[in-house]
$ cat my_file31.cif   # mmCIF, C-alpha atoms
data_structure
#
loop_
_atom_site.group_PDB
_atom_site.id
_atom_site.type_symbol
_atom_site.label_atom_id
_atom_site.label_comp_id
_atom_site.auth_asym_id
_atom_site.auth_seq_id
_atom_site.Cartn_x
_atom_site.Cartn_y
_atom_site.Cartn_z
ATOM 1 C CA MET A 1370 -9.070 -16.494 25.064
ATOM 2 C CA SER A 1371 -12.702 -16.831 26.075
ATOM 3 C CA PRO A 1372 -13.009 -13.893 28.503
ATOM 4 C CA LEU A 1373 -11.451 -11.632 25.878
ATOM 5 C CA PHE A 1374 -14.010 -12.816 23.331
ATOM 6 C CA TYR A 1375 -16.886 -11.908 25.656
ATOM 7 C CA LEU A 1376 -15.299 -8.562 26.558
ATOM 8 C CA PHE A 1377 -14.799 -7.483 22.951
ATOM 9 C CA SER A 1378 -18.108 -8.796 21.656
ATOM 10 C CA ALA A 1379 -19.835 -6.897 24.491
ATOM 11 C CA LEU A 1380 -17.868 -3.810 23.388
ATOM 12 C CA ALA A 1381 -19.030 -4.276 19.775
ATOM 13 C CA LEU A 1382 -22.667 -4.941 20.703
ATOM 14 C CA PHE A 1383 -23.027 -2.117 23.257
ATOM 15 C CA GLY A 1384 -21.328 0.254 20.823
ATOM 16 C CA GLY A 1385 -23.925 -0.753 18.254
ATOM 17 C CA LEU A 1386 -26.736 -0.194 20.765
ATOM 18 C CA GLY A 1387 -25.268 3.243 21.451
ATOM 19 C CA VAL A 1388 -25.437 4.142 17.755
ATOM 20 C CA VAL A 1389 -29.122 3.264 17.726
ATOM 21 C CA THR A 1390 -30.116 4.963 20.986
ATOM 22 C CA PHE A 1391 -27.950 8.098 21.401
ATOM 23 C CA ARG A 1392 -29.838 11.274 20.374
ATOM 24 C CA ASN A 1393 -26.747 13.360 19.744
ATOM 25 C CA PRO A 1394 -25.224 12.421 16.337
ATOM 26 C CA VAL A 1395 -21.668 13.013 17.628
ATOM 27 C CA SER A 1396 -22.250 10.607 20.544
ATOM 28 C CA ALA A 1397 -23.641 8.058 18.097
ATOM 29 C CA ALA A 1398 -20.530 8.433 15.929
ATOM 30 C CA PHE A 1399 -18.232 7.840 18.912
ATOM 31 C CA ALA A 1400 -20.288 4.796 19.962
ATOM 32 C CA MET A 1401 -19.710 3.560 16.415
ATOM 33 C CA VAL A 1402 -15.924 3.948 16.863
ATOM 34 C CA VAL A 1403 -16.150 1.847 20.061
ATOM 35 C CA SER A 1404 -18.132 -0.806 18.182
ATOM 36 C CA PHE A 1405 -15.561 -0.919 15.375
ATOM 37 C CA LEU A 1406 -12.684 -1.232 17.852
ATOM 38 C CA GLY A 1407 -14.441 -4.232 19.455
ATOM 39 C CA LEU A 1408 -14.948 -5.789 16.037
ATOM 40 C CA ALA A 1409 -11.297 -5.224 15.124
ATOM 41 C CA ALA A 1410 -10.261 -7.006 18.335
ATOM 42 C CA LEU A 1411 -12.504 -9.948 17.373
ATOM 43 C CA PHE A 1412 -10.826 -10.052 13.939
ATOM 44 C CA ILE A 1413 -7.415 -10.142 15.577
ATOM 45 C CA GLN A 1414 -8.599 -12.917 17.894
ATOM 46 C CA LEU A 1415 -9.444 -14.864 14.729
ATOM 47 C CA ASP A 1416 -5.816 -14.461 13.554
ATOM 48 C CA ALA A 1417 -6.820 -11.945 10.858
ATOM 49 C CA PHE A 1418 -4.222 -9.345 11.800
ATOM 50 C CA LEU A 1419 -4.149 -7.354 8.545
ATOM 51 C CA VAL A 1420 -7.934 -7.145 8.381
ATOM 52 C CA GLY A 1421 -8.149 -6.091 12.032
ATOM 53 C CA VAL A 1422 -5.656 -3.288 11.473
ATOM 54 C CA LEU A 1423 -7.483 -2.266 8.273
ATOM 55 C CA GLN A 1424 -10.744 -2.166 10.212
ATOM 56 C CA ILE A 1425 -9.204 0.284 12.691
ATOM 57 C CA LEU A 1426 -7.415 2.390 10.060
ATOM 58 C CA VAL A 1427 -10.174 2.586 7.444
ATOM 59 C CA TYR A 1428 -13.390 2.281 9.460
ATOM 60 C CA ALA A 1429 -12.600 3.703 12.891
ATOM 61 C CA GLY A 1430 -10.093 6.116 11.379
ATOM 62 C CA ALA A 1431 -11.028 7.397 7.945
ATOM 63 C CA ILE A 1432 -14.733 6.647 7.596
ATOM 64 C CA MET A 1433 -15.752 7.770 11.074
ATOM 65 C CA VAL A 1434 -13.678 10.962 10.777
ATOM 66 C CA LEU A 1435 -15.583 11.649 7.550
ATOM 67 C CA PHE A 1436 -18.900 11.084 9.355
ATOM 68 C CA ILE A 1437 -17.972 13.348 12.255
ATOM 69 C CA PHE A 1438 -16.673 15.971 9.821
ATOM 70 C CA ILE A 1439 -19.999 15.979 7.945
ATOM 71 C CA ILE A 1440 -21.985 16.092 11.208
ATOM 72 C CA MET A 1441 -19.973 19.149 12.300
ATOM 73 C CA LEU A 1442 -20.236 20.733 8.822
ATOM 74 C CA LEU A 1443 -24.013 20.374 8.570
ATOM 75 C CA ASN A 1444 -24.498 21.348 12.211
ATOM 76 C CA VAL A 1445 -27.040 18.554 12.590
ATOM 77 C CA PRO A 1446 -29.286 19.388 15.532
ATOM 78 C CA GLU A 1447 -30.041 16.894 18.255
ATOM 79 C CA GLU A 1448 -33.255 15.067 17.593
ATOM 80 C CA GLU A 1449 -36.148 16.344 19.649
ATOM 81 C CA LYS A 1450 -36.212 15.080 23.195
ATOM 82 C CA LYS A 1451 -39.517 13.337 22.647
ATOM 83 C CA ARG A 1452 -39.407 9.567 22.760
ATOM 84 C CA PHE A 1453 -39.240 7.497 19.615
ATOM 85 C CA PRO A 1454 -42.714 6.908 18.159
ATOM 86 C CA LEU A 1455 -44.142 3.779 19.749
ATOM 87 C CA VAL A 1456 -45.017 2.189 16.399
ATOM 88 C CA SER A 1457 -41.517 2.443 14.964
ATOM 89 C CA ALA A 1458 -39.876 1.432 18.275
ATOM 90 C CA VAL A 1459 -42.038 -1.695 18.546
ATOM 91 C CA GLY A 1460 -41.639 -2.430 14.838
ATOM 92 C CA ALA A 1461 -37.859 -2.042 14.835
ATOM 93 C CA GLY A 1462 -37.439 -4.021 18.059
ATOM 94 C CA GLY A 1463 -39.790 -6.730 16.808
ATOM 95 C CA VAL A 1464 -38.022 -7.113 13.463
ATOM 96 C CA ALA A 1465 -34.619 -7.253 15.199
ATOM 97 C CA LEU A 1466 -35.834 -9.836 17.744
ATOM 98 C CA VAL A 1467 -37.393 -12.018 15.037
ATOM 99 C CA LEU A 1468 -34.151 -11.844 13.033
ATOM 100 C CA VAL A 1469 -32.047 -12.804 16.078
ATOM 101 C CA GLY A 1470 -34.478 -15.617 16.882
ATOM 102 C CA LEU A 1471 -34.291 -16.993 13.355
ATOM 103 C CA ILE A 1472 -30.483 -16.805 13.347
ATOM 104 C CA GLY A 1473 -30.434 -18.566 16.723
ATOM 105 C CA MET A 1474 -32.705 -21.335 15.446
ATOM 106 C CA VAL A 1475 -30.566 -21.876 12.349
ATOM 107 C CA LEU A 1476 -27.336 -21.876 14.387
ATOM 108 C CA SER A 1477 -28.691 -24.325 16.989
ATOM 109 C CA LYS A 1478 -29.516 -26.804 14.215
ATOM 110 C CA SER A 1479 -26.341 -26.360 12.152
ATOM 111 C CA LYS A 1480 -23.769 -29.129 12.177
ATOM 112 C CA ILE A 1481 -20.729 -27.003 11.315
ATOM 113 C CA GLY A 1482 -21.503 -24.389 13.959
ATOM 114 C CA ILE A 1483 -20.200 -26.485 16.858
ATOM 115 C CA ALA A 1484 -16.691 -26.628 15.354
ATOM 116 C CA THR A 1485 -13.996 -25.264 17.628
ATOM 117 C CA ILE A 1486 -11.163 -23.081 16.362
ATOM 118 C CA PRO A 1487 -8.893 -25.436 14.395
ATOM 119 C CA GLU A 1488 -5.190 -25.528 15.118
ATOM 120 C CA LEU A 1489 -2.911 -23.848 12.598
ATOM 121 C CA ALA A 1490 0.252 -25.421 11.253
ATOM 122 C CA ALA A 1491 3.462 -23.884 12.531
ATOM 123 C CA SER A 1492 4.180 -20.709 10.581
ATOM 124 C CA ASP A 1493 6.890 -20.967 7.949
ATOM 125 C CA GLY A 1494 7.801 -17.330 8.490
ATOM 126 C CA SER A 1495 5.364 -15.767 6.017
ATOM 127 C CA THR A 1496 2.760 -13.529 7.636
ATOM 128 C CA ASP A 1497 -0.869 -13.081 6.632
ATOM 129 C CA VAL A 1498 0.048 -9.751 4.989
ATOM 130 C CA HIS A 1499 2.381 -11.683 2.718
ATOM 131 C CA ARG A 1500 -0.256 -14.286 1.807
ATOM 132 C CA ILE A 1501 -3.056 -11.775 1.217
ATOM 133 C CA GLY A 1502 -0.685 -9.687 -0.901
ATOM 134 C CA GLU A 1503 0.169 -12.744 -3.010
ATOM 135 C CA LEU A 1504 -3.543 -13.439 -3.553
ATOM 136 C CA LEU A 1505 -4.322 -9.796 -4.358
ATOM 137 C CA PHE A 1506 -1.617 -9.474 -6.980
ATOM 138 C CA GLY A 1507 -1.940 -13.037 -8.246
ATOM 139 C CA THR A 1508 -5.368 -14.655 -8.333
ATOM 140 C CA TYR A 1509 -7.313 -11.452 -7.777
ATOM 141 C CA TRP A 1510 -5.388 -9.016 -9.997
ATOM 142 C CA PHE A 1511 -8.474 -8.147 -12.073
ATOM 143 C CA PRO A 1512 -10.800 -7.280 -9.137
ATOM 144 C CA VAL A 1513 -8.021 -5.041 -7.782
ATOM 145 C CA GLN A 1514 -8.024 -3.089 -11.059
ATOM 146 C CA VAL A 1515 -11.829 -2.829 -10.978
ATOM 147 C CA VAL A 1516 -11.756 -1.555 -7.393
ATOM 148 C CA GLY A 1517 -9.145 1.017 -8.409
ATOM 149 C CA ILE A 1518 -11.456 2.317 -11.142
ATOM 150 C CA LEU A 1519 -14.358 2.315 -8.661
ATOM 151 C CA LEU A 1520 -12.355 4.524 -6.295
ATOM 152 C CA LEU A 1521 -11.491 6.899 -9.135
ATOM 153 C CA VAL A 1522 -15.132 7.096 -10.252
ATOM 154 C CA SER A 1523 -16.345 7.739 -6.708
ATOM 155 C CA THR A 1524 -13.740 10.484 -6.243
ATOM 156 C CA VAL A 1525 -14.934 12.227 -9.411
ATOM 157 C CA GLY A 1526 -18.551 11.668 -8.358
ATOM 158 C CA VAL A 1527 -17.988 13.279 -4.959
ATOM 159 C CA VAL A 1528 -16.354 16.325 -6.590
ATOM 160 C CA VAL A 1529 -19.297 16.698 -8.996
ATOM 161 C CA LEU A 1530 -21.869 16.246 -6.218
ATOM 162 C CA SER A 1531 -20.156 18.838 -4.042
ATOM 163 C CA LYS A 1532 -20.334 21.578 -6.703
ATOM 164 C CA LYS A 1533 -22.296 24.587 -5.567
ATOM 165 C CA GLU A 1534 -24.524 24.981 -8.640
ATOM 166 C CA LEU A 1535 -25.901 21.427 -8.455
ATOM 167 C CA LYS A 1536 -29.671 21.678 -8.468
ATOM 168 C CA MET B 109 -8.905 -22.436 27.005
ATOM 169 C CA GLU B 110 -9.398 -21.862 23.302
ATOM 170 C CA SER B 111 -11.535 -24.933 22.832
ATOM 171 C CA THR B 112 -14.609 -23.380 24.453
ATOM 172 C CA LEU B 113 -15.148 -20.954 21.569
ATOM 173 C CA THR B 114 -17.120 -22.325 18.635
ATOM 174 C CA LEU B 115 -18.098 -20.949 15.250
ATOM 175 C CA ASN B 116 -21.602 -20.353 16.623
ATOM 176 C CA HIS B 117 -20.296 -17.756 19.102
ATOM 177 C CA PHE B 118 -18.909 -15.577 16.334
ATOM 178 C CA LEU B 119 -21.894 -16.055 14.023
ATOM 179 C CA LEU B 120 -24.298 -15.144 16.840
ATOM 180 C CA VAL B 121 -22.390 -11.941 17.695
ATOM 181 C CA SER B 122 -22.409 -11.059 14.000
ATOM 182 C CA GLY B 123 -26.146 -11.774 13.723
ATOM 183 C CA VAL B 124 -27.028 -9.716 16.790
ATOM 184 C CA LEU B 125 -24.915 -6.801 15.548
ATOM 185 C CA PHE B 126 -26.660 -7.009 12.167
ATOM 186 C CA ALA B 127 -30.057 -6.983 13.912
ATOM 187 C CA ILE B 128 -29.040 -3.911 15.946
ATOM 188 C CA GLY B 129 -28.072 -2.132 12.730
ATOM 189 C CA LEU B 130 -31.357 -3.141 11.102
ATOM 190 C CA ALA B 131 -33.337 -1.852 14.097
ATOM 191 C CA GLY B 132 -31.429 1.430 13.853
ATOM 192 C CA VAL B 133 -32.280 1.812 10.161
ATOM 193 C CA LEU B 134 -35.966 1.272 10.946
ATOM 194 C CA LEU B 135 -36.054 3.404 14.092
ATOM 195 C CA ARG B 136 -33.965 6.494 13.437
ATOM 196 C CA ARG B 137 -35.134 9.446 11.351
ATOM 197 C CA ASN B 138 -31.804 11.194 10.818
ATOM 198 C CA LEU B 139 -30.281 10.255 7.456
ATOM 199 C CA ILE B 140 -26.689 10.349 8.772
ATOM 200 C CA ILE B 141 -27.510 7.987 11.661
ATOM 201 C CA ILE B 142 -29.297 5.644 9.240
ATOM 202 C CA PHE B 143 -26.170 5.640 7.094
ATOM 203 C CA MET B 144 -24.047 4.805 10.153
ATOM 204 C CA CYS B 145 -26.352 1.892 10.975
ATOM 205 C CA LEU B 146 -25.878 0.624 7.404
ATOM 206 C CA GLU B 147 -22.113 0.635 7.984
ATOM 207 C CA LEU B 148 -22.711 -1.314 11.200
ATOM 208 C CA MET B 149 -24.599 -4.015 9.263
ATOM 209 C CA LEU B 150 -21.780 -4.169 6.708
ATOM 210 C CA SER B 151 -19.217 -4.682 9.484
ATOM 211 C CA ALA B 152 -21.351 -7.401 11.071
ATOM 212 C CA ALA B 153 -21.262 -9.280 7.769
ATOM 213 C CA ASN B 154 -17.466 -8.799 7.743
ATOM 214 C CA LEU B 155 -17.225 -10.650 11.065
ATOM 215 C CA THR B 156 -19.018 -13.634 9.498
ATOM 216 C CA LEU B 157 -16.510 -13.661 6.637
ATOM 217 C CA VAL B 158 -13.509 -13.589 8.962
ATOM 218 C CA ALA B 159 -15.003 -16.314 11.184
ATOM 219 C CA PHE B 160 -15.600 -18.657 8.243
ATOM 220 C CA SER B 161 -12.142 -17.857 6.903
ATOM 221 C CA ARG B 162 -10.550 -18.863 10.227
ATOM 222 C CA PHE B 163 -12.617 -22.018 10.731
ATOM 223 C CA HIS B 164 -11.915 -23.333 7.212
ATOM 224 C CA VAL B 165 -8.278 -24.289 7.416
ATOM 225 C CA VAL B 166 -6.476 -24.885 4.113
ATOM 226 C CA GLU B 167 -3.012 -26.456 4.320
ATOM 227 C CA GLY B 168 -2.685 -25.472 7.963
ATOM 228 C CA GLN B 169 -3.519 -21.809 7.327
ATOM 229 C CA PRO B 170 -6.811 -19.870 7.419
ATOM 230 C CA ASP B 171 -8.654 -19.607 4.096
ATOM 231 C CA TYR B 172 -7.233 -16.270 2.974
ATOM 232 C CA ASN B 173 -9.715 -15.962 0.081
ATOM 233 C CA GLY B 174 -12.327 -14.786 2.603
ATOM 234 C CA GLN B 175 -9.989 -12.115 3.943
ATOM 235 C CA VAL B 176 -9.256 -10.880 0.407
ATOM 236 C CA LEU B 177 -13.017 -10.531 -0.147
ATOM 237 C CA LEU B 178 -13.150 -8.529 3.077
ATOM 238 C CA PHE B 179 -10.397 -6.255 1.768
ATOM 239 C CA PHE B 180 -12.593 -5.497 -1.266
ATOM 240 C CA ILE B 181 -15.657 -4.943 0.934
ATOM 241 C CA ILE B 182 -13.773 -2.376 3.038
ATOM 242 C CA THR B 183 -12.631 -0.571 -0.133
ATOM 243 C CA VAL B 184 -16.138 -0.486 -1.595
ATOM 244 C CA ALA B 185 -17.528 0.668 1.764
ATOM 245 C CA ALA B 186 -15.083 3.591 1.792
ATOM 246 C CA ALA B 187 -16.188 4.629 -1.709
ATOM 247 C CA GLU B 188 -19.831 4.191 -0.737
ATOM 248 C CA VAL B 189 -19.481 6.370 2.355
ATOM 249 C CA ALA B 190 -17.776 9.143 0.381
ATOM 250 C CA VAL B 191 -20.509 9.232 -2.282
ATOM 251 C CA GLY B 192 -23.339 8.773 0.228
ATOM 252 C CA LEU B 193 -22.171 11.612 2.436
ATOM 253 C CA ALA B 194 -21.763 13.865 -0.627
ATOM 254 C CA ILE B 195 -25.380 13.104 -1.552
ATOM 255 C CA ILE B 196 -26.476 13.903 2.018
ATOM 256 C CA VAL B 197 -24.607 17.219 1.885
ATOM 257 C CA ALA B 198 -26.245 18.056 -1.462
ATOM 258 C CA LEU B 199 -29.641 17.141 0.011
ATOM 259 C CA PHE B 200 -28.985 19.310 3.057
ATOM 260 C CA ARG B 201 -28.058 22.234 0.800
ATOM 261 C CA SER B 202 -31.287 22.060 -1.185
ATOM 262 C CA ARG B 203 -33.693 21.132 1.652
ATOM 263 C CA GLY B 204 -31.982 22.313 4.828
ATOM 264 C CA THR B 205 -32.713 19.079 6.687
ATOM 265 C CA THR B 206 -31.509 15.493 6.973
ATOM 266 C CA ASP B 207 -34.743 14.194 8.497
ATOM 267 C CA VAL B 208 -36.182 11.440 6.316
ATOM 268 C CA GLY B 209 -39.721 12.404 7.392
ATOM 269 C CA LYS B 210 -39.308 15.852 5.836
ATOM 270 C CA VAL B 211 -37.818 14.685 2.522
ATOM 271 C CA ASN B 212 -41.001 13.411 0.928
ATOM 272 C CA SER B 213 -41.469 15.190 -2.392
ATOM 273 C CA MET B 214 -41.186 11.896 -4.283
ATOM 274 C CA LYS B 215 -43.703 10.193 -1.998
ATOM 275 C CA PHE B 216 -46.765 8.999 -3.901
#
$ encode --input "my_file31.cif" --output "structure tokens"
Amino acid sequence: MSPLFYLFSALALFGGLGVVTFRNPVSAAFAMVVSFLGLAALFIQLDAFLVGVLQILVYAGAIMVLFIFIIMLLNVPEEEKKRFPLVSAVGAGGVALVLVGLIGMVLSKSKIGIATIPELAASDGSTDVHRIGELLFGTYWFPVQVVGILLLVSTVGVVVLSKKELK
Amino acid sequence: MESTLTLNHFLLVSGVLFAIGLAGVLLRRNLIIIFMCLELMLSAANLTLVAFSRFHVVEGQPDYNGQVLLFFIITVAAAEVAVGLAIIVALFRSRGTTDVGKVNSMKF
């Protein structure tokens, strides 16, 4: 299990680095797909099969296709070949390093962080899709309705925003 | 084999990915790339949720409440991307650019 974890987390992290560093927006979008595939593999390694598949279908599939579609539609030019401004490069790198350092400090002191993956009881035949579905339509029926309305509102909002005469 | 992986491994990967996304938001000037980095940060937080869900075993099964929350996050993210990209397209129509340095009419 361990080598796979390192392989896929490297995939996710280098994909993320690609998004930040590639000048061409289309290359950045494809690096993002690679990053999401690595993340989905990590989800599946954590026995979250439905969520891993959703990550691939919704993120790597639908959302990234939307991004690439908009990049093509707007004909976004490549950023100028000049290097990133030194101030923002140092600032962004510094903030990221400080954040990683803080997270590392917190994790090294935490008592629950050293837990290994607990064993699961033998499956009684019901999959995680089944259990998540029961929760969604049982305990969480109201949030599901709210999310449905949110999707409807955002659909209408996108149509309104895309009208030509919007000024 | 499995015993070598701890919760810290997953949380650290998630934290580093979040930091990469944050650095991208601060560094890049193209609005679409900034938006993509935001999605990256959202996904990094998702990894934390799944890791905690797996390491908190309830009745011999992972805590599926965390995965249901993740389902909602993915749905909201899809709605957010649709609206955000529509706003970017509207901005591009009126200004002809997606560079955040050139969209400064509301700057004090």
$ closest_residue --input "my_file31.cif" --among "A:Leu1471, A:Leu1466, A:Ile1437, A:Leu1415" --to "Ile1486 in chain A" --atoms "all atoms listed in the file"
A:Leu1415
$ resolve_selection --input "my_file31.cif" --expression "the PyMOL selection byres ((chain A and resi 1439) around 12)" --output "NGL selection string"
(:A and (1394-1395 or 1398 or 1432-1438 or 1440-1445)) or (:B and (139-141 or 189-190 or 192-198 or 200 or 206))
$ closest_atom_pairs --input "my_file31.cif" --of "chain B" --to "chain A" --cutoff "6 Å" --atoms "all atoms listed in the file" --output "Markdown table"
| residue | atom | partner | partner_atom | distance |
| --- | --- | --- | --- | --- |
| B:Glu110 | CA | A:Met1370 | CA | 5.7 |
| B:Ser111 | CA | A:Thr1485 | CA | 5.8 |
| B:Leu113 | CA | A:Thr1485 | CA | 6.0 |
| B:Thr114 | CA | A:Thr1485 | CA | 4.4 |
| B:Leu115 | CA | A:Gly1482 | CA | 5.0 |
| B:Asn116 | CA | A:Gly1482 | CA | 4.8 |
| B:Val124 | CA | A:Val1469 | CA | 5.9 |
| B:Leu125 | CA | A:Leu1382 | CA | 5.9 |
| B:Ala127 | CA | A:Ala1465 | CA | 4.7 |
| B:Ala131 | CA | A:Ala1461 | CA | 4.6 |
| B:Gly132 | CA | A:Val1389 | CA | 4.9 |
| B:Leu134 | CA | A:Ala1461 | CA | 5.4 |
| B:Leu135 | CA | A:Ser1457 | CA | 5.6 |
| B:Phe163 | CA | A:Ile1486 | CA | 5.9 |
| B:Gly168 | CA | A:Ala1490 | CA | 4.4 |
| B:Gln169 | CA | A:Leu1489 | CA | 5.7 |
| B:Ala187 | CA | A:Ser1523 | CA | 5.9 |
| B:Val191 | CA | A:Val1527 | CA | 5.5 |
| B:Ala194 | CA | A:Val1527 | CA | 5.8 |
$ residues_near_point --input "my_file31.cif" --point "(-15.6, -18.9, 6.8)" --cutoff "12 Å" --atoms "all atoms listed in the file" --output "number ranges by chain"
A: 1415, 1417, 1481-1482, 1484, 1486; B: 115-116, 118-119, 153-166, 170-175, 177-178
$ closest_residue --input "my_file31.cif" --among "B:Leu120, B:Phe180, B:Glu147, B:Arg201" --to "Val133 in chain B" --atoms "all atoms listed in the file"
B:Glu147
$ atom_distance --input "my_file31.cif" --atom1 "CA of Gly1494 in chain A" --atom2 "CA of Ile182 in chain B"
26.8 Å
$ atom_distance --input "my_file31.cif" --atom1 "CA of Val1402 in chain A" --atom2 "CA of Val208 in chain B"
24.0 Å
